[in-house]
file my_file-v9.cif (mmCIF, C-alpha atoms)
data_start
#
loop_
_atom_site.label_atom_id
_atom_site.label_comp_id
_atom_site.auth_asym_id
_atom_site.auth_seq_id
_atom_site.Cartn_x
_atom_site.Cartn_y
_atom_site.Cartn_z
CA GLN D 1 0.00 0.00 0.00
CA THR D 2 1.81 3.10 -1.21
CA LEU D 3 0.73 6.64 -0.56
CA SER D 4 3.07 8.10 -3.16
CA ALA D 5 0.17 10.06 -4.69
CA MET D 6 0.38 12.30 -1.65
CA PRO D 7 3.47 12.58 0.52
CA VAL D 8 2.83 11.89 4.20
CA LYS D 9 3.59 15.02 6.19
CA PHE D 10 4.94 14.86 9.72
CA ARG D 11 5.97 17.19 12.50
CA LYS D 12 8.90 16.52 14.79
CA MET D 13 8.02 17.79 18.28
CA PHE D 14 9.54 17.40 21.71
CA GLY D 15 8.77 17.96 25.36
CA LEU D 16 11.90 18.24 27.48
CA GLY D 17 14.00 16.21 25.04
CA ASN D 18 11.37 13.44 24.89
CA ASP D 19 10.84 13.53 21.13
CA PHE D 20 7.98 12.57 18.84
CA ILE D 21 7.05 12.13 15.22
CA VAL D 22 3.50 13.49 14.88
CA ILE D 23 1.33 12.27 12.00
CA ASP D 24 -2.07 13.88 11.52
CA ALA D 25 -4.61 11.30 10.33
CA ARG D 26 -7.69 13.37 11.23
CA GLN D 27 -8.53 14.19 7.61
CA ASP D 28 -7.13 11.00 6.06
CA SER D 29 -7.65 7.88 8.18
CA LYS D 30 -5.35 5.88 5.87
CA LEU D 31 -2.41 7.60 7.57
CA SER D 32 -3.19 5.63 10.74
CA ALA D 33 -1.35 2.81 8.95
CA ALA D 34 1.78 4.45 10.41
CA ALA D 35 0.95 2.45 13.54
CA GLU D 36 1.73 -0.89 11.87
CA PRO D 37 4.67 -2.16 13.96
CA LYS D 38 7.07 -2.69 11.05
CA ARG D 39 6.38 0.79 9.68
CA ALA D 40 6.42 2.40 13.12
CA THR D 41 9.82 0.94 14.02
CA ALA D 42 11.20 2.04 10.61
CA LEU D 43 10.04 5.62 11.26
CA THR D 44 11.29 5.74 14.86
CA ASP D 45 14.76 4.37 14.02
CA ARG D 46 17.31 7.13 14.67
CA LYS D 47 19.89 5.80 12.20
CA THR D 48 17.77 4.84 9.20
CA GLY D 49 14.46 6.61 9.85
CA ILE D 50 13.35 9.98 11.22
CA GLY D 51 13.98 8.90 14.80
CA CYS D 52 12.03 9.51 18.01
CA ASP D 53 11.06 8.05 21.38
CA GLN D 54 7.38 7.74 20.40
CA LEU D 55 5.31 8.00 17.25
CA ILE D 56 2.11 10.00 17.78
CA ILE D 57 -0.91 9.59 15.49
CA LEU D 58 -3.81 12.04 15.63
CA GLU D 59 -7.19 10.67 14.61
CA ALA D 60 -10.66 12.18 14.28
CA CYS D 61 -12.76 11.84 17.43
CA GLU D 62 -16.39 12.69 18.21
CA ASP D 63 -16.07 13.64 21.87
CA ALA D 64 -12.72 15.47 21.80
CA MET D 65 -10.67 17.68 19.48
CA CYS D 66 -8.69 14.59 18.52
CA ARG D 67 -7.76 11.07 19.48
CA MET D 68 -4.07 10.56 20.23
CA ARG D 69 -2.41 7.20 19.68
CA ILE D 70 1.05 6.58 21.11
CA ILE D 71 3.42 4.03 19.56
CA ASN D 72 6.70 3.24 21.32
CA ALA D 73 10.00 2.93 19.49
CA ASP D 74 9.65 -0.86 19.73
CA GLY D 75 6.28 -0.79 17.94
CA SER D 76 4.12 -1.39 21.03
CA GLU D 77 1.11 0.89 21.58
CA VAL D 78 0.65 2.52 25.00
CA GLY D 79 -2.08 4.43 26.80
CA ALA D 80 -0.40 7.58 28.05
CA CYS D 81 2.44 9.99 27.39
CA GLY D 82 2.51 13.26 29.30
CA ASN D 83 5.14 15.05 27.24
CA ALA D 84 3.35 14.19 24.00
CA THR D 85 0.05 15.39 25.47
CA ARG D 86 1.55 18.86 26.03
CA CYS D 87 2.84 18.91 22.45
CA ILE D 88 -0.52 17.95 20.98
CA GLY D 89 -2.34 20.37 23.30
CA GLY D 90 -0.06 23.13 22.05
CA LEU D 91 -0.75 22.12 18.46
CA LEU D 92 -4.53 22.20 19.03
CA PHE D 93 -4.32 25.69 20.59
CA GLN D 94 -2.32 26.88 17.56
CA GLU D 95 -5.18 25.62 15.35
CA GLN D 96 -7.90 27.06 17.61
CA PRO D 97 -6.36 30.05 19.45
CA ASP D 98 -9.66 31.07 21.07
CA ALA D 99 -10.38 27.67 22.64
CA LYS D 100 -10.56 27.73 26.45
CA GLU D 101 -9.25 24.18 26.68
CA ALA D 102 -7.99 21.50 24.32
CA THR D 103 -9.41 18.00 24.75
CA ILE D 104 -7.51 14.88 23.74
CA ARG D 105 -8.93 11.35 23.83
CA THR D 106 -6.36 8.67 24.71
CA LYS D 107 -6.52 4.99 25.55
CA ALA D 108 -6.18 6.06 29.19
CA GLY D 109 -9.12 8.49 29.04
CA LEU D 110 -9.95 12.08 28.15
CA LEU D 111 -7.19 14.62 28.87
CA ARG D 112 -7.78 18.37 29.15
CA CYS D 113 -5.09 20.92 28.31
CA PHE D 114 -4.97 24.58 29.35
CA LYS D 115 -2.95 27.56 28.15
CA CYS D 116 -0.41 29.22 30.43
CA GLU D 117 0.70 32.85 30.47
CA ASP D 118 3.85 31.71 28.67
CA PRO D 119 2.69 30.51 25.22
CA ALA D 120 5.44 27.86 25.18
CA MET D 121 3.91 26.22 28.28
CA ILE D 122 0.87 23.98 28.64
CA THR D 123 -0.90 22.60 31.70
CA VAL D 124 -2.51 19.17 31.34
CA ASP D 125 -5.09 17.71 33.70
CA MET D 126 -3.77 14.14 33.72
CA GLY D 127 -6.79 12.87 35.65
CA GLU D 128 -6.74 10.68 38.72
CA PRO D 129 -3.85 8.29 39.39
CA GLY D 130 -4.57 4.58 39.82
CA LEU D 131 -3.46 3.76 43.35
CA LYS D 132 -4.92 0.28 43.88
CA TRP D 133 -2.66 -2.73 43.26
CA ASP D 134 -4.81 -4.04 40.41
CA GLN D 135 -4.95 -0.59 38.76
CA VAL D 136 -1.16 -0.26 38.44
CA PRO D 137 -1.18 -3.30 37.90
CA VAL D 138 1.15 -5.35 40.10
CA SER D 139 1.05 -9.12 40.43
CA LYS D 140 -0.15 -9.38 44.03
CA GLU D 141 -2.27 -7.46 46.50
CA VAL D 142 0.01 -4.95 48.26
CA ASP D 143 -0.07 -1.43 49.66
CA THR D 144 1.21 0.37 46.55
CA LEU D 145 2.73 3.11 48.70
CA HIS D 146 5.21 0.63 50.24
CA CYS D 147 5.88 -2.39 48.06
CA LYS D 148 8.72 -3.39 50.42
CA ASP D 149 10.70 -6.33 48.97
CA ALA D 150 8.25 -7.16 46.17
CA CYS D 151 10.61 -5.61 43.62
CA GLU D 152 14.24 -4.82 44.36
CA GLY D 153 17.45 -3.88 42.57
CA PRO D 154 20.97 -2.92 43.62
CA GLY D 155 20.48 -0.21 46.27
CA LEU D 156 16.75 -0.14 45.54
CA THR D 157 13.88 -1.41 47.66
CA ASP D 158 10.37 -0.46 48.84
CA CYS D 159 9.17 1.29 45.69
CA ALA D 160 5.89 3.18 45.55
CA CYS D 161 3.68 2.35 42.56
CA CYS D 162 0.79 4.00 40.76
CA SER D 163 -0.73 4.21 37.31
CA MET D 164 -0.93 7.38 35.21
CA GLY D 165 -2.61 5.41 32.42
CA ASN D 166 0.61 3.36 32.42
CA PRO D 167 2.40 1.56 35.28
CA HIS D 168 5.09 3.37 37.30
CA ALA D 169 7.48 2.34 40.06
CA THR D 170 9.19 5.11 42.06
CA PHE D 171 12.28 4.33 44.12
CA PHE D 172 13.20 7.04 46.65
CA VAL D 173 16.96 7.13 47.33
CA ASP D 174 19.50 9.46 48.95
CA ASP D 175 21.33 10.10 45.68
CA CYS D 176 19.68 8.94 42.47
CA GLU D 177 22.75 9.94 40.39
CA LYS D 178 24.61 6.98 41.91
CA ILE D 179 22.07 4.34 40.82
CA PRO D 180 23.29 2.37 37.74
CA LEU D 181 19.94 2.72 35.95
CA GLN D 182 21.35 1.84 32.52
CA GLU D 183 22.44 -1.56 33.86
CA ILE D 184 19.41 -2.42 35.98
CA GLY D 185 16.50 -0.67 34.22
CA HIS D 186 15.69 -3.53 31.85
CA ASP D 187 15.41 -6.12 34.63
CA LEU D 188 13.25 -3.84 36.79
CA GLU D 189 10.95 -3.04 33.83
CA HIS D 190 10.48 -6.77 33.17
CA HIS D 191 10.24 -7.81 36.86
CA SER D 192 7.54 -10.42 37.53
CA PHE D 193 5.91 -7.99 39.99
CA PHE D 194 4.77 -5.97 36.94
CA PRO D 195 2.61 -8.13 34.63
CA GLU D 196 2.42 -5.29 32.05
CA ARG D 197 6.07 -4.26 32.62
CA CYS D 198 6.66 -0.80 34.09
CA ASN D 199 8.34 2.59 33.90
CA VAL D 200 11.04 2.90 36.55
CA SER D 201 12.08 6.15 38.23
CA VAL D 202 14.87 6.63 40.76
CA VAL D 203 14.37 9.90 42.63
CA THR D 204 15.76 12.11 45.37
CA VAL D 205 13.61 14.70 47.16
CA SER D 206 15.44 18.00 47.81
CA GLN D 207 15.99 19.02 51.43
CA ASP D 208 13.69 22.05 51.08
CA LYS D 209 10.97 19.76 49.58
CA LYS D 210 10.47 22.20 46.68
CA SER D 211 11.89 19.91 44.01
CA ILE D 212 12.60 16.26 43.20
CA ARG D 213 15.48 15.04 41.06
CA MET D 214 14.34 12.14 38.87
CA ARG D 215 16.01 9.75 36.46
CA VAL D 216 13.81 7.49 34.39
CA TRP D 217 13.82 4.21 32.49
CA GLU D 218 10.78 4.10 30.20
CA ARG D 219 8.94 0.91 29.37
CA GLY D 220 9.70 -0.16 25.80
CA THR D 221 12.25 2.64 25.26
CA GLY D 222 14.94 2.63 27.97
CA ILE D 223 16.56 5.68 29.56
CA THR D 224 15.02 8.92 28.28
CA MET D 225 15.66 12.60 28.94
CA ALA D 226 12.24 13.07 30.51
CA CYS D 227 8.95 11.28 31.10
CA GLY D 228 5.79 13.29 31.76
CA THR D 229 3.72 10.49 33.26
CA GLY D 230 6.80 9.45 35.25
CA ALA D 231 7.13 12.94 36.71
CA CYS D 232 3.42 12.83 37.61
CA ALA D 233 3.81 9.43 39.27
CA THR D 234 6.90 10.61 41.18
CA ALA D 235 5.06 13.67 42.52
CA VAL D 236 1.96 11.62 43.41
CA ASN D 237 4.04 9.07 45.31
CA ALA D 238 6.12 11.75 47.08
CA ILE D 239 2.93 13.54 48.15
CA ARG D 240 1.29 10.28 49.26
CA ARG D 241 4.34 9.55 51.40
CA GLY D 242 4.29 13.04 52.91
CA TYR D 243 7.68 14.07 51.48
CA VAL D 244 5.88 17.00 49.82
CA GLY D 245 2.73 18.34 51.45
CA LYS D 246 0.27 21.10 52.18
CA SER D 247 2.96 23.66 53.05
CA GLU D 248 4.32 23.14 49.50
CA ASN D 249 0.75 23.51 48.18
CA PHE D 250 0.92 19.85 47.08
CA THR D 251 3.15 21.04 44.24
CA THR D 252 6.72 20.15 43.30
CA GLU D 253 9.17 20.74 40.48
CA VAL D 254 10.39 17.44 39.06
CA LYS D 255 13.87 17.88 37.55
CA MET D 256 14.82 15.42 34.81
CA ASP D 257 17.78 15.29 32.44
CA GLY D 258 15.77 17.06 29.73
CA GLY D 259 14.32 19.78 31.98
CA SER D 260 11.67 20.34 34.62
CA LEU D 261 7.93 19.87 35.00
CA VAL D 262 5.78 21.38 37.73
CA ILE D 263 3.36 18.79 39.11
CA SER D 264 0.46 19.40 41.48
CA TYR D 265 -1.57 16.69 43.20
CA ALA D 266 -3.94 17.58 46.03
CA PRO D 267 -4.95 14.20 47.50
CA PRO D 268 -8.67 13.44 47.85
CA GLY D 269 -10.00 15.06 51.03
CA SER D 270 -7.12 17.54 51.31
CA GLY D 271 -9.25 20.51 50.27
CA GLY D 272 -6.62 21.45 47.70
CA ASP D 273 -7.16 22.78 44.19
CA GLN D 274 -8.51 20.25 41.63
CA GLU D 275 -8.54 17.66 44.40
CA GLY D 276 -7.63 14.13 43.33
CA HIS D 277 -6.38 15.19 39.89
CA VAL D 278 -2.77 15.43 38.71
CA LEU D 279 -1.86 18.70 36.97
CA MET D 280 1.31 18.82 34.88
CA THR D 281 2.80 22.07 33.56
CA GLY D 282 5.75 22.34 31.18
CA ARG D 283 7.14 23.36 27.81
CA PHE D 284 6.45 21.97 24.37
CA ASP D 285 8.49 22.61 21.22
CA THR D 286 8.49 21.93 17.48
CA ALA D 287 11.87 21.01 15.98
CA PHE D 288 10.95 20.77 12.29
CA SER D 289 8.41 19.36 9.84
CA GLY D 290 8.83 17.37 6.67
CA GLU D 291 7.55 14.62 4.41
CA ILE D 292 8.06 10.88 4.83
CA PRO D 293 9.72 9.34 1.74
CA ASP D 294 8.03 6.32 0.13
CA SER D 295 11.05 4.16 0.94
CA LEU D 296 10.45 4.73 4.66
CA TRP D 297 6.67 4.34 4.50
CA GLY D 298 7.17 0.98 2.74
#
call {"tool": "encode", "arguments": {"input": "my_file-v9.cif", "output": "structure tokens"}}
result
Amino acid sequence: QTLSAMPVKFRKMFGLGNDFIVIDARQDSKLSAAAEPKRATALTDRKTGIGCDQLIILEACEDAMCRMRIINADGSEVGACGNATRCIGGLLFQEQPDAKEATIRTKAGLLRCFKCEDPAMITVDMGEPGLKWDQVPVSKEVDTLHCKDACEGPGLTDCACCSMGNPHATFFVDDCEKIPLQEIGHDLEHHSFFPERCNVSVVTVSQDKKSIRMRVWERGTGITMACGTGACATAVNAIRRGYVGKSENFTTEVKMDGGSLVISYAPPGSGGDQEGHVLMTGRFDTAFSGEIPDSLWG
């Protein structure tokens, strides 16, 4: 199936160094064929393709401005990607500058995006985190705030887990820079405790509680510069554990290799703003746009 009659256009976008190929299939549903694993992995290959962490496909949707599909570099399709959501929210506001909010339908649910004073920034309501063991999911009934020895690695134990539409494990350590994440990330991602695999973050809360340093291994991708849902999960778990609290307005800056995100999560019953929902604020950027050659579309 060639589309040589009309070149397939794409945009290359990124949120904090987490980069995406964006293909708009809202007018032409045939372009959703980009999701076919063989084609997706050809496009995402950094040596022989365009290269990215995730391939994003926009589709027409009745109850939102668009549907967003997220394909990992390994060809697997996932439910959530916070950095991509900011990029697509920014794109929708560029198309409809007067819109009060931009709505995006994902596998994980409906996400709402809001403009910030800085036009390069977007706030996304990421919805409610999944805190029950079978929502994450993990393989046995545990208190997801303290998984104790259920999943361990060198220097790592007692992770906190939650779902942001995808499974996350957060390990709180004294100095996350010292953890050999490149060596141990794969085994933690594929640990039997996580039946759907998981995203792994190693994090250190600053002494003043205003920020959290986070390094991340993403499911299906490996170490990345930044992970939006991972930053959300880290903030949620830090707030649940009381490391960040009411005096910080249930808000923290999560500092990743690619930059920072500001995450707010007022727990249910706390009386905080947007109680129970996770709000993520950060930059989005466009690197370039172009056309996919026939040889790559295949």
call {"tool": "resolve_selection", "arguments": {"input": "my_file-v9.cif", "expression": "the PyMOL selection byres ((chain D and resi 168) around 12)", "output": "JSON, numbers by chain"}}
result
{"D": [80, 129, 130, 131, 133, 135, 136, 137, 138, 144, 145, 159, 160, 161, 162, 163, 164, 165, 166, 167, 169, 170, 171, 188, 189, 193, 194, 196, 197, 198, 199, 200, 201, 202, 216, 217, 218, 219, 227, 228, 229, 230, 231, 232, 233, 234, 235, 236, 237]}
call {"tool": "residues_around", "arguments": {"input": "my_file-v9.cif", "residues": "D:Lys246", "least_positions_apart": "6", "cutoff": "9 Å", "atoms": "all atoms listed in the file", "output": "list in words"}}
result
Ile239, Ala266, Ser270 and Gly272 of chain D
call {"tool": "residues_near_point", "arguments": {"input": "my_file-v9.cif", "point": "(18.4, 7.6, 36.2)", "cutoff": "8 Å", "atoms": "only C-alpha atoms", "output": "list in words"}}
result
Cys176, Glu177, Ile179, Pro180, Leu181, Gln182, Ser201, Val202, Val203, Met214, Arg215, Val216, Trp217 and Ile223 of chain D
call {"tool": "residues_around", "arguments": {"input": "my_file-v9.cif", "residues": "D:Ala99", "least_positions_apart": "4", "cutoff": "12 Å", "atoms": "all atoms listed in the file", "output": "MDAnalysis selection string"}}
result
chainID D and resid 65 89:95 103 112:115
call {"tool": "resolve_selection", "arguments": {"input": "my_file-v9.cif", "expression": "the PyMOL selection byres ((chain D and resi 63) around 9)", "output": "mmCIF file with C-alpha atoms, in the frame of the given file"}}
result
data_model
loop_
_atom_site.group_PDB
_atom_site.id
_atom_site.type_symbol
_atom_site.label_atom_id
_atom_site.label_comp_id
_atom_site.auth_asym_id
_atom_site.auth_seq_id
_atom_site.Cartn_x
_atom_site.Cartn_y
_atom_site.Cartn_z
ATOM 1 C CA CYS D 61 -12.760 11.840 17.430
ATOM 2 C CA GLU D 62 -16.390 12.690 18.210
ATOM 3 C CA ALA D 64 -12.720 15.470 21.800
ATOM 4 C CA MET D 65 -10.670 17.680 19.480
ATOM 5 C CA CYS D 66 -8.690 14.590 18.520
ATOM 6 C CA THR D 103 -9.410 18.000 24.750
ATOM 7 C CA ILE D 104 -7.510 14.880 23.740
ATOM 8 C CA ARG D 105 -8.930 11.350 23.830
ATOM 9 C CA LEU D 110 -9.950 12.080 28.150
#
call {"tool": "atom_distance", "arguments": {"input": "my_file-v9.cif", "atom1": "atom CA of D:Gly15", "atom2": "atom CA of D:Thr224"}}
result
11.4 Å
call {"tool": "closest_atom_pairs", "arguments": {"input": "my_file-v9.cif", "of": "stretch 31-91 of chain D", "to": "stretch 250-262 of chain D", "cutoff": "12 Å", "atoms": "all atoms listed in the file", "output": "JSON lines"}}
result
{"residue": "D:Gly82", "atom": "CA", "partner": "D:Leu261", "partner_atom": "CA", "distance": 10.3}
{"residue": "D:Asn83", "atom": "CA", "partner": "D:Leu261", "partner_atom": "CA", "distance": 9.6}
{"residue": "D:Arg86", "atom": "CA", "partner": "D:Leu261", "partner_atom": "CA", "distance": 11.1}
call {"tool": "decode", "arguments": {"input": "my_file-v9.cif", "residues": "stretch 263-288 of chain D", "atoms": "N, CA, C and O atoms", "output": "CSV table (one decimal), in the first residue's frame"}}
result
chain,number,residue,atom,x,y,z
D,263,ILE,N,4.5,19.7,38.9
D,263,ILE,CA,3.4,18.8,39.1
D,263,ILE,C,2.6,19.1,40.4
D,263,ILE,O,3.2,19.3,41.4
D,264,SER,N,1.3,19.2,40.3
D,264,SER,CA,0.5,19.4,41.5
D,264,SER,C,-0.5,18.2,41.7
D,264,SER,O,-1.0,17.7,40.7
D,265,TYR,N,-0.6,17.8,42.9
D,265,TYR,CA,-1.6,16.7,43.2
D,265,TYR,C,-2.1,16.9,44.6
D,265,TYR,O,-1.4,16.6,45.6
D,266,ALA,N,-3.3,17.4,44.7
D,266,ALA,CA,-3.9,17.6,46.0
D,266,ALA,C,-4.7,16.3,46.3
D,266,ALA,O,-5.7,16.0,45.6
D,267,PRO,N,-4.3,15.5,47.3
D,267,PRO,CA,-5.0,14.2,47.5
D,267,PRO,C,-6.4,14.4,47.8
D,267,PRO,O,-6.8,15.4,48.4
D,268,PRO,N,-7.3,13.4,47.5
D,268,PRO,CA,-8.7,13.4,47.9
D,268,PRO,C,-8.9,13.8,49.3
D,268,PRO,O,-8.2,13.2,50.2
D,269,GLY,N,-9.7,14.7,49.6
D,269,GLY,CA,-10.0,15.1,51.0
D,269,GLY,C,-9.1,16.1,51.6
D,269,GLY,O,-9.2,16.6,52.7
D,270,SER,N,-8.1,16.6,50.8
D,270,SER,CA,-7.1,17.5,51.3
D,270,SER,C,-7.6,19.0,51.2
D,270,SER,O,-7.1,19.9,51.8
D,271,GLY,N,-8.7,19.2,50.4
D,271,GLY,CA,-9.2,20.5,50.3
D,271,GLY,C,-8.4,21.3,49.3
D,271,GLY,O,-8.7,22.5,49.2
D,272,GLY,N,-7.5,20.7,48.6
D,272,GLY,CA,-6.6,21.5,47.7
D,272,GLY,C,-7.3,21.7,46.4
D,272,GLY,O,-8.4,21.2,46.1
D,273,ASP,N,-6.6,22.4,45.5
D,273,ASP,CA,-7.2,22.8,44.2
D,273,ASP,C,-7.2,21.5,43.3
D,273,ASP,O,-6.3,20.7,43.3
D,274,GLN,N,-8.3,21.4,42.6
D,274,GLN,CA,-8.5,20.2,41.6
D,274,GLN,C,-8.2,18.9,42.3
D,274,GLN,O,-7.5,18.0,41.8
D,275,GLU,N,-8.8,18.8,43.5
D,275,GLU,CA,-8.5,17.7,44.4
D,275,GLU,C,-8.6,16.3,43.7
D,275,GLU,O,-9.6,16.0,43.0
D,276,GLY,N,-7.6,15.5,43.9
D,276,GLY,CA,-7.6,14.1,43.3
D,276,GLY,C,-7.1,14.0,41.9
D,276,GLY,O,-6.8,12.9,41.4
D,277,HIS,N,-6.9,15.2,41.3
D,277,HIS,CA,-6.4,15.2,39.9
D,277,HIS,C,-4.9,15.6,39.9
D,277,HIS,O,-4.5,16.4,40.7
D,278,VAL,N,-4.2,15.1,38.9
D,278,VAL,CA,-2.8,15.4,38.7
D,278,VAL,C,-2.7,16.5,37.6
D,278,VAL,O,-3.2,16.3,36.5
D,279,LEU,N,-2.0,17.6,37.9
D,279,LEU,CA,-1.9,18.7,37.0
D,279,LEU,C,-0.4,18.8,36.6
D,279,LEU,O,0.5,18.9,37.5
D,280,MET,N,-0.1,18.8,35.3
D,280,MET,CA,1.3,18.8,34.9
D,280,MET,C,1.5,20.1,34.0
D,280,MET,O,0.8,20.3,33.1
D,281,THR,N,2.5,20.9,34.3
D,281,THR,CA,2.8,22.1,33.6
D,281,THR,C,4.2,22.0,33.0
D,281,THR,O,5.2,21.7,33.8
D,282,GLY,N,4.4,22.3,31.8
D,282,GLY,CA,5.8,22.3,31.2
D,282,GLY,C,5.7,22.8,29.7
D,282,GLY,O,4.7,23.1,29.2
D,283,ARG,N,6.9,22.9,29.2
D,283,ARG,CA,7.1,23.4,27.8
D,283,ARG,C,6.7,22.3,26.8
D,283,ARG,O,6.7,21.1,27.0
D,284,PHE,N,6.5,22.8,25.5
D,284,PHE,CA,6.5,22.0,24.4
D,284,PHE,C,7.2,22.7,23.2
D,284,PHE,O,7.2,23.9,23.2
D,285,ASP,N,7.7,22.0,22.3
D,285,ASP,CA,8.5,22.6,21.2
D,285,ASP,C,8.3,21.8,19.9
D,285,ASP,O,8.1,20.6,19.9
D,286,THR,N,8.4,22.6,18.8
D,286,THR,CA,8.5,21.9,17.5
D,286,THR,C,9.9,22.1,17.0
D,286,THR,O,10.5,23.2,17.0
D,287,ALA,N,10.5,21.0,16.5
D,287,ALA,CA,11.9,21.0,16.0
D,287,ALA,C,11.8,21.3,14.5
D,287,ALA,O,12.5,22.2,14.0
D,288,PHE,N,11.0,20.6,13.7
D,288,PHE,CA,10.9,20.8,12.3
D,288,PHE,C,9.8,20.0,11.8
D,288,PHE,O,9.2,19.2,12.5
